[in-house]
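As structure tokens, the structure follows; a few thoughts come after it.
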Amino acid sequence: MTQPPLPAFPPGFLWGAAASAFQTEGAADADGKGPSGWDAFAARGRIKDGADTARATGFYERYREDVALLAGLGADAFRFSVSWPRVVPGGSGPVNARGLDFYDRLVDELCAHGITPAPTLYHWDTPLPLDEAGGWLERDTACRFAEYARAVAERLADRVPMWITVNEPAEVTLLGYALGEHAPGRQLLFDALPAAHHQLLAHGLAVQALRAAGAHDIGLAVSHSPVWTAGEGEEDRSGARLYDTIANWMYADPLLTGRYPDENLAALLPGPVADDLAVIATPLDWYGVNYYHPMLVGGPSRHALGAFAGVGMPPELPFGLREIETGERTDFGWPVVPDGLRELLVSLKERFGERLPPLFVTENGCSYDGLDDRRRIAFLDAHLRALHQAIEEGVDVRGYFTWSLTDNIEWAEGASQRFGLVHIDYETLTRTPKASYRWYRDVIREQKSPRPSRH
């Protein structure tokens with residue numbers, strides 16, 4: 001059954017697509033690039049399907065082709081990430097001019113097609129020397145990140161009107177440092193909390209460094225999920241509250257209020273926390289939300305799920321994740337709950353009120369196989385309708401980036417999960433637009449077309 005056209009979004013609403021460096025660029029040691037923690041993780045055999053992450057989708061060589069695909073969409077903006085080890089191979093010290101040259105060329109190509117460049121400065125690829133020195137467990141990593149941010153801005157700020165500091169600090173903390181399913185593969189459980197604090201500090205220091213270098217319109221991309229309680233018992237309620245705190249408010253509260261949501265958790269954090277919070281809460285121009293699905297949480301259970309499909313949750317944790325019963329799941333096994341996006345956006349407005357800056361949906365998408373990907377179209381259509389409803393309910397949302405432009409390396413899952421509007425043949429790296437690419441193109445075209453007056 002054909003859906004009616006989407007309702008009209010506000011004038012000036014930004015339509016975009018997203019990608020990240022490690023997942024697409026390849027060219028893992030080209031032009032002076034240093035290794036990242038994810039390169040080392042892959043070299044240890046931690047990519048489940050053995051995908052060639054050093055090649056990825058070949059974006060480094062084929063970026064002009066992908067920019068042409070963006071132009072064919074009519075996209076207003078492209079959210080890509082800058083590879084920190086491509087720009088500062090040692091994590092600190094000399095800047096690699098050839099690495100910055102690539103992003104110079106990419107930005108120029110985007111601008112030539114009228115597409116807003118929206119770079120993310122940290123999308124999980126920590127330079128390996130910093131990872132080996134402790135990574136985000138060390139305060140020094142935040143300071144080195146601010147230096148790198150300033151170097152990028154000094155080269156690109158004259159043409160880049162929108163900046164993203166860090167992407168999904170919760171996932172880096174939980175999957176990389178607490179559970180060990182992502183790079184750097186640490187299994188520290190609650191001892192991973194310093195990684196959260198130092199990423200937030202890195203963000204605040206980077207905002208200051210970017211502005212000092214002439215950059216404007218700065219935000220970050222934070223993953224959020226509505227947390228639903230699995231049962232009526234106190235153990236379930238307390239487990240859900242704790243998970244909500246460490247997955248959602250551990251990040252949003254310090255950024256938007258200058259406080260951590262729980263004094264007991266704050267007491268576990270290193271350094272001069274009160275002074276750091278003043279830096280972390282440096283005012284934002286906007287706040288980015290990455291949404292995929294809600295979480296159903298209760299008390300600990302041997303049969304509980306992990307933070308993502310397939311990730312085991314240690315039984316010693318005081319909460320456990322449960323299956324959400326829904327009629328539709330993505331190929332990744334994630335439940336499809338479009339109204340969760342509306343619920344989430346409204347809850348942010350209710351929690352933070354006037355403190356909440358304008359919002360962007362910086363990631364939303366799904367993994368489905370096939371060129372005739374009607375299920376992806378249904379997913380995106382339903383989520384855009386839920387987003388529009390949130391705007392109708394008074395939430396100030398300024399734009400939407402779908403994840404992702406092309407299929408890519410889905411971190412530890414390798415090439416097995418296909419999130420793209422454009423299919424990648426991983427043998428030839430041929431790009432083939434899917435049905436969802438044409439659908440999104442038509443949505444953008446319709447949204448930008450003059451609408452007849454109701455009078």
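Chain labels run A, B, ... following the order of the structure tokens; each chain numbers its residues from 1, and ligands are numbered from 1 in the order shown.
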
Exercise for review: Could you give me, as a PyMOL selection string, the residues within 8 Å of range 249-256 of chain A, counting only C-alpha atoms and dropping anything in the same chain fewer than 6 positions from it?
Suggested key: chain A and resi 169-170+196+200+222+277+280-283+352+355-356

Point to revise | Residues near range 77-87 of chain A, cut-off 7 Å, only C-alpha atoms, skip fewer than 3 positions along chain, as a PyMOL selection string | key: chain A and resi 15-21+32-36+90-91+95-96+99-100+115-123+125-127

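Shortest atom-to-atom contact with Asp52 in chain A among A:Pro89, A:Gly420, A:Pro10, A:Gly414: A:Gly414, counting only C-alpha atoms.
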
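With only C-alpha atoms as the atoms that count, the residue of A:Arg211, A:Arg144, A:Arg342, A:His197 with the shortest distance to Pro272 in chain A is A:His197.
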
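Per DSSP on the backbone, strand (DSSP E) in range 11-145 of chain A comprises Leu14, Trp15, Gly16, Ala17, Ala18, Ala77, Phe78, Arg79, Phe80, Ser81, Thr116, Pro117, Ala118, Pro119, Thr120, Leu121 and Tyr122 of chain A.
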
Emit the selected residues as a PDB file, in the first residue's frame, including N, CA and C atoms.
ATOM      1  N   LEU A  14      17.051  20.891   7.247  1.00  0.00           N
ATOM      2  CA  LEU A  14      18.245  20.366   6.588  1.00  0.00           C
ATOM      3  C   LEU A  14      18.094  18.869   6.339  1.00  0.00           C
ATOM      4  N   TRP A  15      18.284  18.460   5.079  1.00  0.00           N
ATOM      5  CA  TRP A  15      18.194  17.053   4.705  1.00  0.00           C
ATOM      6  C   TRP A  15      19.585  16.542   4.370  1.00  0.00           C
ATOM      7  N   GLY A  16      20.031  15.489   5.071  1.00  0.00           N
ATOM      8  CA  GLY A  16      21.396  15.026   4.874  1.00  0.00           C
ATOM      9  C   GLY A  16      21.536  13.526   4.960  1.00  0.00           C
ATOM     10  N   ALA A  17      22.755  13.079   4.742  1.00  0.00           N
ATOM     11  CA  ALA A  17      23.147  11.681   4.917  1.00  0.00           C
ATOM     12  C   ALA A  17      24.493  11.677   5.628  1.00  0.00           C
ATOM     13  N   ALA A  18      24.878  10.520   6.176  1.00  0.00           N
ATOM     14  CA  ALA A  18      26.047  10.461   7.051  1.00  0.00           C
ATOM     15  C   ALA A  18      26.930   9.275   6.705  1.00  0.00           C
ATOM     16  N   ALA A  77      23.295  18.479   3.074  1.00  0.00           N
ATOM     17  CA  ALA A  77      24.494  18.369   3.905  1.00  0.00           C
ATOM     18  C   ALA A  77      24.988  16.933   3.914  1.00  0.00           C
ATOM     19  N   PHE A  78      26.287  16.797   4.160  1.00  0.00           N
ATOM     20  CA  PHE A  78      26.914  15.485   4.312  1.00  0.00           C
ATOM     21  C   PHE A  78      27.680  15.472   5.605  1.00  0.00           C
ATOM     22  N   ARG A  79      27.300  14.552   6.474  1.00  0.00           N
ATOM     23  CA  ARG A  79      28.010  14.351   7.722  1.00  0.00           C
ATOM     24  C   ARG A  79      29.045  13.246   7.504  1.00  0.00           C
ATOM     25  N   PHE A  80      30.314  13.626   7.467  1.00  0.00           N
ATOM     26  CA  PHE A  80      31.414  12.674   7.349  1.00  0.00           C
ATOM     27  C   PHE A  80      32.296  12.842   8.576  1.00  0.00           C
ATOM     28  N   SER A  81      33.285  11.964   8.752  1.00  0.00           N
ATOM     29  CA  SER A  81      34.194  12.188   9.869  1.00  0.00           C
ATOM     30  C   SER A  81      35.619  12.337   9.376  1.00  0.00           C
ATOM     31  N   THR A 116      26.496  21.208   2.156  1.00  0.00           N
ATOM     32  CA  THR A 116      27.147  21.674   3.381  1.00  0.00           C
ATOM     33  C   THR A 116      28.029  20.572   3.966  1.00  0.00           C
ATOM     34  N   PRO A 117      29.335  20.823   4.141  1.00  0.00           N
ATOM     35  CA  PRO A 117      30.178  19.845   4.844  1.00  0.00           C
ATOM     36  C   PRO A 117      29.913  19.917   6.350  1.00  0.00           C
ATOM     37  N   ALA A 118      29.667  18.769   6.966  1.00  0.00           N
ATOM     38  CA  ALA A 118      29.413  18.700   8.410  1.00  0.00           C
ATOM     39  C   ALA A 118      30.337  17.654   9.021  1.00  0.00           C
ATOM     40  N   PRO A 119      31.604  18.003   9.234  1.00  0.00           N
ATOM     41  CA  PRO A 119      32.560  16.997   9.713  1.00  0.00           C
ATOM     42  C   PRO A 119      32.386  16.662  11.188  1.00  0.00           C
ATOM     43  N   THR A 120      32.559  15.378  11.493  1.00  0.00           N
ATOM     44  CA  THR A 120      32.672  14.889  12.867  1.00  0.00           C
ATOM     45  C   THR A 120      34.153  14.686  13.148  1.00  0.00           C
ATOM     46  N   LEU A 121      34.648  15.249  14.222  1.00  0.00           N
ATOM     47  CA  LEU A 121      36.078  15.170  14.503  1.00  0.00           C
ATOM     48  C   LEU A 121      36.482  13.858  15.172  1.00  0.00           C
ATOM     49  N   TYR A 122      35.573  13.223  15.875  1.00  0.00           N
ATOM     50  CA  TYR A 122      35.905  11.928  16.483  1.00  0.00           C
ATOM     51  C   TYR A 122      34.757  10.961  16.280  1.00  0.00           C
TER      52      TYR A 122
END

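Residue neighbourhood of Asp381 in chain A, excluding near-sequence residues (fewer than 4 positions): Leu6, Ile377 and Arg385 of chain A, at 8 Å, using only C-alpha atoms.
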
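Near range 102-106 of chain A, within a cut-off of 8 Å and counting only C-alpha atoms, sit the residues Tyr60, Tyr63, Arg64, Val82, Arg98, Gly99, Glu109, Leu110, Arg155 and Leu156 of chain A, with same-chain residues fewer than 3 positions away left out.
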
Writer output for current selection, C-alpha atoms, as a short mmCIF file (atom, residue, chain, number, x, y, z; two decimals), in the first residue's frame:
data_model
loop_
_atom_site.label_atom_id
_atom_site.label_comp_id
_atom_site.auth_asym_id
_atom_site.auth_seq_id
_atom_site.Cartn_x
_atom_site.Cartn_y
_atom_site.Cartn_z
CA TYR A 60 39.41 7.89 0.06
CA TYR A 63 34.96 10.42 -2.75
CA ARG A 64 34.03 12.35 -5.90
CA VAL A 82 37.80 13.29 9.89
CA ARG A 98 48.80 15.24 3.29
CA GLY A 99 46.05 13.96 5.55
CA GLU A 109 34.07 18.99 -3.75
CA LEU A 110 31.06 19.24 -1.45
CA ARG A 155 42.54 24.50 7.69
CA LEU A 156 38.81 24.11 7.06
#

Practice item. List every residue of range 115-213 of chain A that DSSP, applied to the backbone of this structure, places in helix (DSSP H, G or I), and write the result as number ranges by chain. Key: A: 128-132, 135-137, 139-156, 169-178, 189-212

Point to revise | For Gln417 in chain A: contacts at 9 Å, only C-alpha atoms, fewer than 5 positions along chain excluded, given as a PyMOL selection string | key: chain A and resi 331-332+366-369+407-410

Those residues you just picked out, can you put them in a file as an mmCIF file, in the first residue's frame with C-alpha atoms?
data_model
loop_
_atom_site.group_PDB
_atom_site.id
_atom_site.type_symbol
_atom_site.label_atom_id
_atom_site.label_comp_id
_atom_site.auth_asym_id
_atom_site.auth_seq_id
_atom_site.Cartn_x
_atom_site.Cartn_y
_atom_site.Cartn_z
ATOM 1 C CA ASP A 331 18.464 -7.539 9.590
ATOM 2 C CA PHE A 332 20.569 -6.628 12.637
ATOM 3 C CA CYS A 366 18.488 0.496 9.500
ATOM 4 C CA SER A 367 20.229 -2.586 8.141
ATOM 5 C CA TYR A 368 18.403 -4.376 5.334
ATOM 6 C CA ASP A 369 19.825 -6.370 2.450
ATOM 7 C CA ASP A 407 26.839 0.460 2.848
ATOM 8 C CA ASN A 408 29.913 0.421 5.066
ATOM 9 C CA ILE A 409 31.957 -1.528 7.577
ATOM 10 C CA GLU A 410 29.641 -1.936 10.549
#

Point to revise | Atomic distance CA of Phe319 in chain A - CA of Gly180 in chain A, expressed in Å with one decimal | key: 17.8 Å

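Near Trp124 in chain A, within 8 Å and counting only C-alpha atoms, sit Trp38, Asn167 and Val172 of chain A, not including residues fewer than 3 positions from it in the same chain.
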
Review point. Skipping near chain neighbours, those fewer than 5 positions away, what residues fall within 10 Å of Asp49 in chain A using only C-alpha atoms, listed as a VMD selection string?
Key: chain A and resid 412 to 416

**Study point:** Nearest-residue call for Gly176 in chain A, choices A:Trp439, A:Phe59, A:Tyr426, A:Phe41, using only C-alpha atoms
**Key:** A:Phe41

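The gap separating CA of Thr402 in chain A from CA of Leu174 in chain A is 23.5 Å, in Å to one decimal.
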
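Nearest residue to Asp131 in chain A, choosing from A:Trp411, A:Tyr177, A:Tyr260, A:Trp334 and counting only C-alpha atoms: A:Tyr177.
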